[in-house]
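Below: work-v8.cif (mmCIF, C-alpha atoms)
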data_protein
loop_
_atom_site.group_PDB
_atom_site.id
_atom_site.type_symbol
_atom_site.label_atom_id
_atom_site.label_comp_id
_atom_site.auth_asym_id
_atom_site.auth_seq_id
_atom_site.Cartn_x
_atom_site.Cartn_y
_atom_site.Cartn_z
ATOM 1 C CA MET A 1 38.666 55.749 94.950
ATOM 2 C CA ILE A 2 36.152 52.977 95.125
ATOM 3 C CA LYS A 3 33.606 55.398 93.792
ATOM 4 C CA LYS A 4 35.803 56.183 90.745
ATOM 5 C CA LEU A 5 36.381 52.473 90.135
ATOM 6 C CA MET A 6 32.640 51.827 90.273
ATOM 7 C CA ILE A 7 31.986 54.621 87.791
ATOM 8 C CA LYS A 8 34.629 53.203 85.411
ATOM 9 C CA ILE A 9 33.131 49.720 85.652
ATOM 10 C CA PHE A 10 29.660 51.141 85.073
ATOM 11 C CA ILE A 11 30.875 53.097 82.023
ATOM 12 C CA MET A 12 32.618 49.989 80.616
ATOM 13 C CA LEU A 13 29.487 47.900 81.137
ATOM 14 C CA PHE A 14 27.404 50.567 79.444
ATOM 15 C CA ILE A 15 29.793 50.666 76.445
ATOM 16 C CA CYS A 16 29.747 46.839 76.208
ATOM 17 C CA CYS A 17 25.941 46.805 76.281
ATOM 18 C CA LEU A 18 25.814 49.530 73.671
ATOM 19 C CA LEU A 19 28.249 47.680 71.388
ATOM 20 C CA THR A 20 26.321 44.429 71.802
ATOM 21 C CA ALA A 21 23.049 46.154 70.964
ATOM 22 C CA CYS A 22 24.571 47.766 67.869
ATOM 23 C CA LYS A 23 26.014 44.430 66.726
ATOM 24 C CA ASP A 24 22.627 42.682 67.154
ATOM 25 C CA LYS A 25 20.938 45.454 65.188
ATOM 26 C CA LYS A 26 23.518 45.118 62.397
ATOM 27 C CA ASP A 27 22.953 41.336 62.285
ATOM 28 C CA TYR A 28 19.218 41.909 62.168
ATOM 29 C CA VAL A 29 19.592 44.378 59.293
ATOM 30 C CA SER A 30 21.888 42.073 57.349
ATOM 31 C CA LEU A 31 19.512 39.138 57.918
ATOM 32 C CA SER A 32 16.626 41.287 56.751
ATOM 33 C CA ASP A 33 18.599 42.352 53.666
ATOM 34 C CA GLU A 34 19.504 38.716 52.972
ATOM 35 C CA THR A 35 15.850 37.649 53.197
ATOM 36 C CA THR A 36 14.853 40.439 50.820
ATOM 37 C CA GLN A 37 17.626 39.396 48.421
ATOM 38 C CA ASN A 38 16.498 35.744 48.593
ATOM 39 C CA ASP A 39 12.907 36.787 47.838
ATOM 40 C CA THR A 40 14.117 38.791 44.830
ATOM 41 C CA ASP A 41 16.240 35.850 43.596
ATOM 42 C CA SER A 42 13.376 33.372 43.931
ATOM 43 C CA LYS A 43 11.031 35.745 42.066
ATOM 44 C CA GLN A 44 13.572 36.035 39.251
ATOM 45 C CA GLU A 45 14.022 32.241 39.129
ATOM 46 C CA SER A 46 10.249 31.800 39.087
ATOM 47 C CA SER A 47 9.848 34.199 36.155
ATOM 48 C CA VAL A 48 12.638 32.418 34.264
ATOM 49 C CA LYS A 49 10.917 29.074 34.895
ATOM 50 C CA ASP A 50 7.601 30.520 33.687
ATOM 51 C CA GLU A 51 9.241 31.734 30.505
ATOM 52 C CA THR A 52 11.026 28.434 29.809
ATOM 53 C CA SER A 53 8.031 26.247 30.703
ATOM 54 C CA ASP A 54 6.287 27.610 27.597
ATOM 55 C CA ASN A 55 9.048 26.163 25.394
ATOM 56 C CA VAL A 56 9.408 22.684 23.932
ATOM 57 C CA VAL A 57 12.565 21.219 22.452
ATOM 58 C CA VAL A 58 12.298 18.904 19.433
ATOM 59 C CA TYR A 59 14.732 17.045 17.173
ATOM 60 C CA VAL A 60 13.951 17.365 13.466
ATOM 61 C CA HIS A 61 15.885 15.150 11.069
ATOM 62 C CA GLY A 62 15.619 13.006 7.956
ATOM 63 C CA ALA A 63 14.598 14.612 4.664
ATOM 64 C CA VAL A 64 14.904 18.250 5.849
ATOM 65 C CA LYS A 65 17.391 20.911 4.751
ATOM 66 C CA LYS A 66 18.774 21.758 8.217
ATOM 67 C CA PRO A 67 18.399 18.837 10.631
ATOM 68 C CA GLY A 68 18.879 19.726 14.279
ATOM 69 C CA VAL A 69 17.419 20.525 17.677
ATOM 70 C CA TYR A 70 14.895 23.369 17.717
ATOM 71 C CA VAL A 71 13.058 25.277 20.455
ATOM 72 C CA LEU A 72 9.385 26.004 19.829
ATOM 73 C CA HIS A 73 6.531 27.275 21.945
ATOM 74 C CA SER A 74 4.074 24.979 23.641
ATOM 75 C CA GLY A 75 1.130 24.502 21.255
ATOM 76 C CA ASP A 76 3.198 24.882 18.067
ATOM 77 C CA ARG A 77 2.679 22.366 15.265
ATOM 78 C CA VAL A 78 4.964 19.919 13.455
ATOM 79 C CA TYR A 79 4.904 22.002 10.261
ATOM 80 C CA GLN A 80 6.439 24.900 12.219
ATOM 81 C CA ALA A 81 9.268 22.656 13.419
ATOM 82 C CA VAL A 82 9.851 21.497 9.833
ATOM 83 C CA ASP A 83 9.922 25.144 8.665
ATOM 84 C CA MET A 84 12.544 25.924 11.326
ATOM 85 C CA ALA A 85 14.605 23.046 9.920
ATOM 86 C CA GLY A 86 14.638 24.730 6.513
ATOM 87 C CA GLY A 87 11.676 22.830 5.129
ATOM 88 C CA MET A 88 11.533 19.427 3.453
ATOM 89 C CA THR A 89 13.931 18.303 0.747
ATOM 90 C CA SER A 90 12.624 17.433 -2.727
ATOM 91 C CA ASP A 91 12.690 13.696 -1.997
ATOM 92 C CA ALA A 92 10.691 14.011 1.270
ATOM 93 C CA GLU A 93 7.411 12.124 1.617
ATOM 94 C CA LYS A 94 4.817 14.469 3.144
ATOM 95 C CA ARG A 95 2.329 11.642 3.798
ATOM 96 C CA ALA A 96 4.742 10.055 6.281
ATOM 97 C CA LEU A 97 3.737 12.332 9.180
ATOM 98 C CA ASN A 98 0.958 14.550 10.451
ATOM 99 C CA LEU A 99 2.102 18.139 9.905
ATOM 100 C CA ALA A 100 -0.828 19.472 11.952
ATOM 101 C CA GLU A 101 0.162 17.499 15.077
ATOM 102 C CA THR A 102 1.000 19.551 18.182
ATOM 103 C CA VAL A 103 4.677 19.230 19.143
ATOM 104 C CA SER A 104 5.684 17.892 22.542
ATOM 105 C CA ASP A 105 8.878 18.308 24.526
ATOM 106 C CA GLU A 106 11.680 15.896 23.488
ATOM 107 C CA GLN A 107 9.748 14.850 20.360
ATOM 108 C CA ASP A 108 11.697 13.111 17.593
ATOM 109 C CA ILE A 109 10.368 14.322 14.236
ATOM 110 C CA TYR A 110 11.712 12.164 11.401
ATOM 111 C CA ILE A 111 10.858 12.994 7.781
ATOM 112 C CA MET A 112 10.967 9.903 5.539
ATOM 113 C CA THR A 113 12.138 9.992 1.956
ATOM 114 C CA LYS A 114 9.768 8.756 -0.765
ATOM 115 C CA LYS A 115 11.961 5.664 -1.143
ATOM 116 C CA GLU A 116 11.830 4.859 2.595
ATOM 117 C CA TYR A 117 8.069 5.373 2.641
ATOM 118 C CA GLY A 118 7.605 3.096 -0.356
ATOM 119 C CA GLU A 119 9.806 0.368 1.105
ATOM 120 C CA LYS A 120 7.997 0.455 4.430
ATOM 121 C CA TYR A 121 4.370 0.698 3.319
ATOM 122 C CA GLU A 122 4.358 -0.894 -0.109
ATOM 123 C CA SER A 123 6.194 -3.967 1.202
ATOM 124 C CA ASN A 124 3.554 -4.276 3.948
ATOM 125 C CA ASP A 125 0.802 -4.059 1.324
ATOM 126 C CA LYS A 126 2.521 -6.762 -0.735
ATOM 127 C CA GLU A 127 2.844 -8.976 2.339
ATOM 128 C CA LYS A 128 -0.854 -8.546 3.101
ATOM 129 C CA GLN A 129 -1.753 -9.303 -0.507
ATOM 130 C CA SER A 130 0.503 -12.355 -0.480
ATOM 131 C CA MET A 131 -1.073 -13.556 2.778
ATOM 132 C CA SER A 132 -4.596 -13.084 1.446
ATOM 133 C CA GLU A 133 -3.638 -15.041 -1.677
ATOM 134 C CA THR A 134 -2.416 -17.977 0.430
ATOM 135 C CA LEU A 135 -5.449 -18.002 2.759
ATOM 136 C CA VAL A 136 -8.145 -20.500 1.863
ATOM 137 C CA ASN A 137 -11.526 -18.853 1.328
ATOM 138 C CA ILE A 138 -13.971 -21.293 2.916
ATOM 139 C CA ASN A 139 -16.841 -19.702 0.954
ATOM 140 C CA THR A 140 -15.332 -20.374 -2.471
ATOM 141 C CA ALA A 141 -12.635 -23.065 -2.065
ATOM 142 C CA ASP A 142 -13.014 -26.381 -3.863
ATOM 143 C CA ASN A 143 -12.265 -29.836 -2.412
ATOM 144 C CA LYS A 144 -8.562 -29.661 -3.274
ATOM 145 C CA MET A 145 -8.058 -26.237 -1.615
ATOM 146 C CA LEU A 146 -9.984 -27.264 1.495
ATOM 147 C CA MET A 147 -7.976 -30.480 1.779
ATOM 148 C CA SER A 148 -4.746 -28.410 1.850
ATOM 149 C CA LEU A 149 -5.763 -27.339 5.369
ATOM 150 C CA GLN A 150 -4.395 -29.342 8.305
ATOM 151 C CA GLY A 151 -6.978 -31.814 9.607
ATOM 152 C CA ILE A 152 -9.344 -31.436 6.642
ATOM 153 C CA GLY A 153 -9.590 -34.627 4.639
ATOM 154 C CA GLU A 154 -11.843 -35.553 1.737
ATOM 155 C CA ALA A 155 -14.893 -36.222 3.946
ATOM 156 C CA LYS A 156 -14.614 -32.911 5.861
ATOM 157 C CA ALA A 157 -13.991 -30.955 2.641
ATOM 158 C CA ALA A 158 -17.166 -32.481 1.163
ATOM 159 C CA ALA A 159 -19.053 -31.631 4.385
ATOM 160 C CA ILE A 160 -17.927 -27.964 4.173
ATOM 161 C CA ILE A 161 -19.118 -27.689 0.568
ATOM 162 C CA ALA A 162 -22.419 -29.418 1.424
ATOM 163 C CA TYR A 163 -22.966 -27.030 4.372
ATOM 164 C CA ARG A 164 -22.381 -24.018 2.092
ATOM 165 C CA GLU A 165 -24.873 -25.300 -0.465
ATOM 166 C CA GLU A 166 -27.556 -25.944 2.164
ATOM 167 C CA ASN A 167 -27.076 -22.923 4.463
ATOM 168 C CA GLY A 168 -25.433 -20.275 2.302
ATOM 169 C CA LEU A 169 -22.016 -18.667 2.741
ATOM 170 C CA PHE A 170 -20.205 -18.532 6.056
ATOM 171 C CA THR A 171 -20.549 -15.113 7.716
ATOM 172 C CA SER A 172 -17.544 -15.597 10.029
ATOM 173 C CA LYS A 173 -14.554 -17.922 10.085
ATOM 174 C CA GLU A 174 -15.830 -19.462 13.300
ATOM 175 C CA ASP A 175 -19.016 -20.599 11.534
ATOM 176 C CA ILE A 176 -16.990 -23.470 10.067
ATOM 177 C CA LYS A 177 -17.413 -25.182 13.461
ATOM 178 C CA LYS A 178 -21.101 -25.631 12.545
ATOM 179 C CA VAL A 179 -19.995 -28.181 9.953
ATOM 180 C CA SER A 180 -20.302 -31.750 11.224
ATOM 181 C CA GLY A 181 -16.915 -33.164 12.195
ATOM 182 C CA ILE A 182 -15.169 -29.791 12.689
ATOM 183 C CA GLY A 183 -14.723 -28.928 16.350
ATOM 184 C CA ASP A 184 -12.618 -26.525 18.412
ATOM 185 C CA ALA A 185 -9.370 -28.449 17.898
ATOM 186 C CA THR A 186 -9.651 -28.444 14.093
ATOM 187 C CA TYR A 187 -10.712 -24.797 14.077
ATOM 188 C CA THR A 188 -7.714 -23.819 16.227
ATOM 189 C CA ASN A 189 -5.403 -25.509 13.685
ATOM 190 C CA ILE A 190 -6.899 -23.750 10.648
ATOM 191 C CA LYS A 191 -8.248 -20.398 11.902
ATOM 192 C CA ASP A 192 -5.144 -18.448 10.779
ATOM 193 C CA LEU A 193 -5.171 -20.141 7.367
ATOM 194 C CA ILE A 194 -8.754 -19.466 6.356
ATOM 195 C CA THR A 195 -10.799 -16.441 5.338
ATOM 196 C CA ILE A 196 -14.390 -15.716 4.324
ATOM 197 C CA GLU A 197 -13.583 -12.844 1.955
#
Entire entry expressed as structure tokens:
Amino acid sequence: MIKKLMIKIFIMLFICCLLTACKDKKDYVSLSDETTQNDTDSKQESSVKDETSDNVVVYVHGAVKKPGVYVLHSGDRVYQAVDMAGGMTSDAEKRALNLAETVSDEQDIYIMTKKEYGEKYESNDKEKQSMSETLVNINTADNKMLMSLQGIGEAKAAAIIAYREENGLFTSKEDIKKVSGIGDATYTNIKDLITIE
């Protein structure tokens, strides 16, 4: 009887060991399958990233027919982005941007109208012209013009003219400090108000 009981216990232990071994093998297989699946997934993600890393997204707006966000390839040019946006409208100013420029991701491409371009650049030109008209040319100014400068009285104006006559025209604004009676302090006060052109 004890012998039969021992055999039964031995058989049960054997079955338990067998079941445990089978379970471990199944876990190993499923872990192996999972690793293979993860490798496949990461390869797919990597290829998707490679494909999308070649793309750039730009916003084209202003004087174009179809403003919007467009996806281009890395290395594409601004003119290609403008073409994707339906091209420029009739009132677009082509000089306002470099059509041959390479696009970059998140670039904002704005096409100005001729009116906007004129207002921006022509007004700047007028301001520059106005400024140059108000600057005192120390190579050509008379006594009255020179005396309109802060710190330049009749004696200093006469000294500037005398210096010009003896030494020739000033070659830089800073040369005015070579005139007797005009030092760093006076030059600092007038340097933005004078020109040699």
Check which residues satisfy the PyMOL selection byres ((chain A and resi 162) around 12) in the file shown, then give them as a compact mmCIF listing (two decimals) with C-alpha atoms, keeping the file's coordinate frame.
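Output contents, as saved in selection-v8.txt:
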# COMPACT_ATOMS: atom_id res chain seq x y z
CA ILE A 138 -13.97 -21.29 2.92
CA ASN A 139 -16.84 -19.70 0.95
CA ASP A 142 -13.01 -26.38 -3.86
CA ASN A 143 -12.26 -29.84 -2.41
CA ALA A 155 -14.89 -36.22 3.95
CA LYS A 156 -14.61 -32.91 5.86
CA ALA A 157 -13.99 -30.96 2.64
CA ALA A 158 -17.17 -32.48 1.16
CA ALA A 159 -19.05 -31.63 4.38
CA ILE A 160 -17.93 -27.96 4.17
CA ILE A 161 -19.12 -27.69 0.57
CA TYR A 163 -22.97 -27.03 4.37
CA ARG A 164 -22.38 -24.02 2.09
CA GLU A 165 -24.87 -25.30 -0.46
CA GLU A 166 -27.56 -25.94 2.16
CA ASN A 167 -27.08 -22.92 4.46
CA GLY A 168 -25.43 -20.27 2.30
CA LEU A 169 -22.02 -18.67 2.74
CA ILE A 176 -16.99 -23.47 10.07
CA LYS A 178 -21.10 -25.63 12.54
CA VAL A 179 -20.00 -28.18 9.95
CA SER A 180 -20.30 -31.75 11.22
task: Specify as a ChimeraX atom specification each residue included when the PyMOL selection byres ((chain A and resi 105) around 8) is applied to this file.
output: /A:55-58,103-104,106-107
Long-range neighbours of Tyr70 (chain A) as a PyMOL selection string, 8 Å cut-off, all atoms listed in the file, 2 positions minimum in chain: chain A and resi 57-60+68+72+81+84-85
query: Applied to the shown file, which residues does the PyMOL selection byres ((chain A and resi 117) around 12) return, written as a PyMOL selection string?
result: chain A and resi 62-63+91-97+110-116+118-125
message: Just the number, please: distance in Å from CA of Leu146 (chain A) to CA of Ile194 (chain A), one decimal.
response: 9.3 Å
field: Selected residue, from A:Ile196, A:Ile9, A:Val64, A:Ile15, that lies nearest to Ala141 (chain A) when counting only C-alpha atoms
entry: A:Ile196
From A:Leu193, A:Lys65, A:Thr186, A:Ile152, residue lying nearest Ser90 (chain A) [all atoms listed in the file]: A:Lys65
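Here CA of Asp175 (chain A) stands at a distance of 12.7 Å from CA of Thr188 (chain A).
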query: With only C-alpha atoms as the atoms that count, which of A:Glu101, A:Glu174, A:Asp108, A:Asp54 lies nearest to Pro67 (chain A)?
result: A:Asp108
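Interatomic distance, CA of Ala185 (chain A) against CA of Thr140 (chain A): 22.7 Å.
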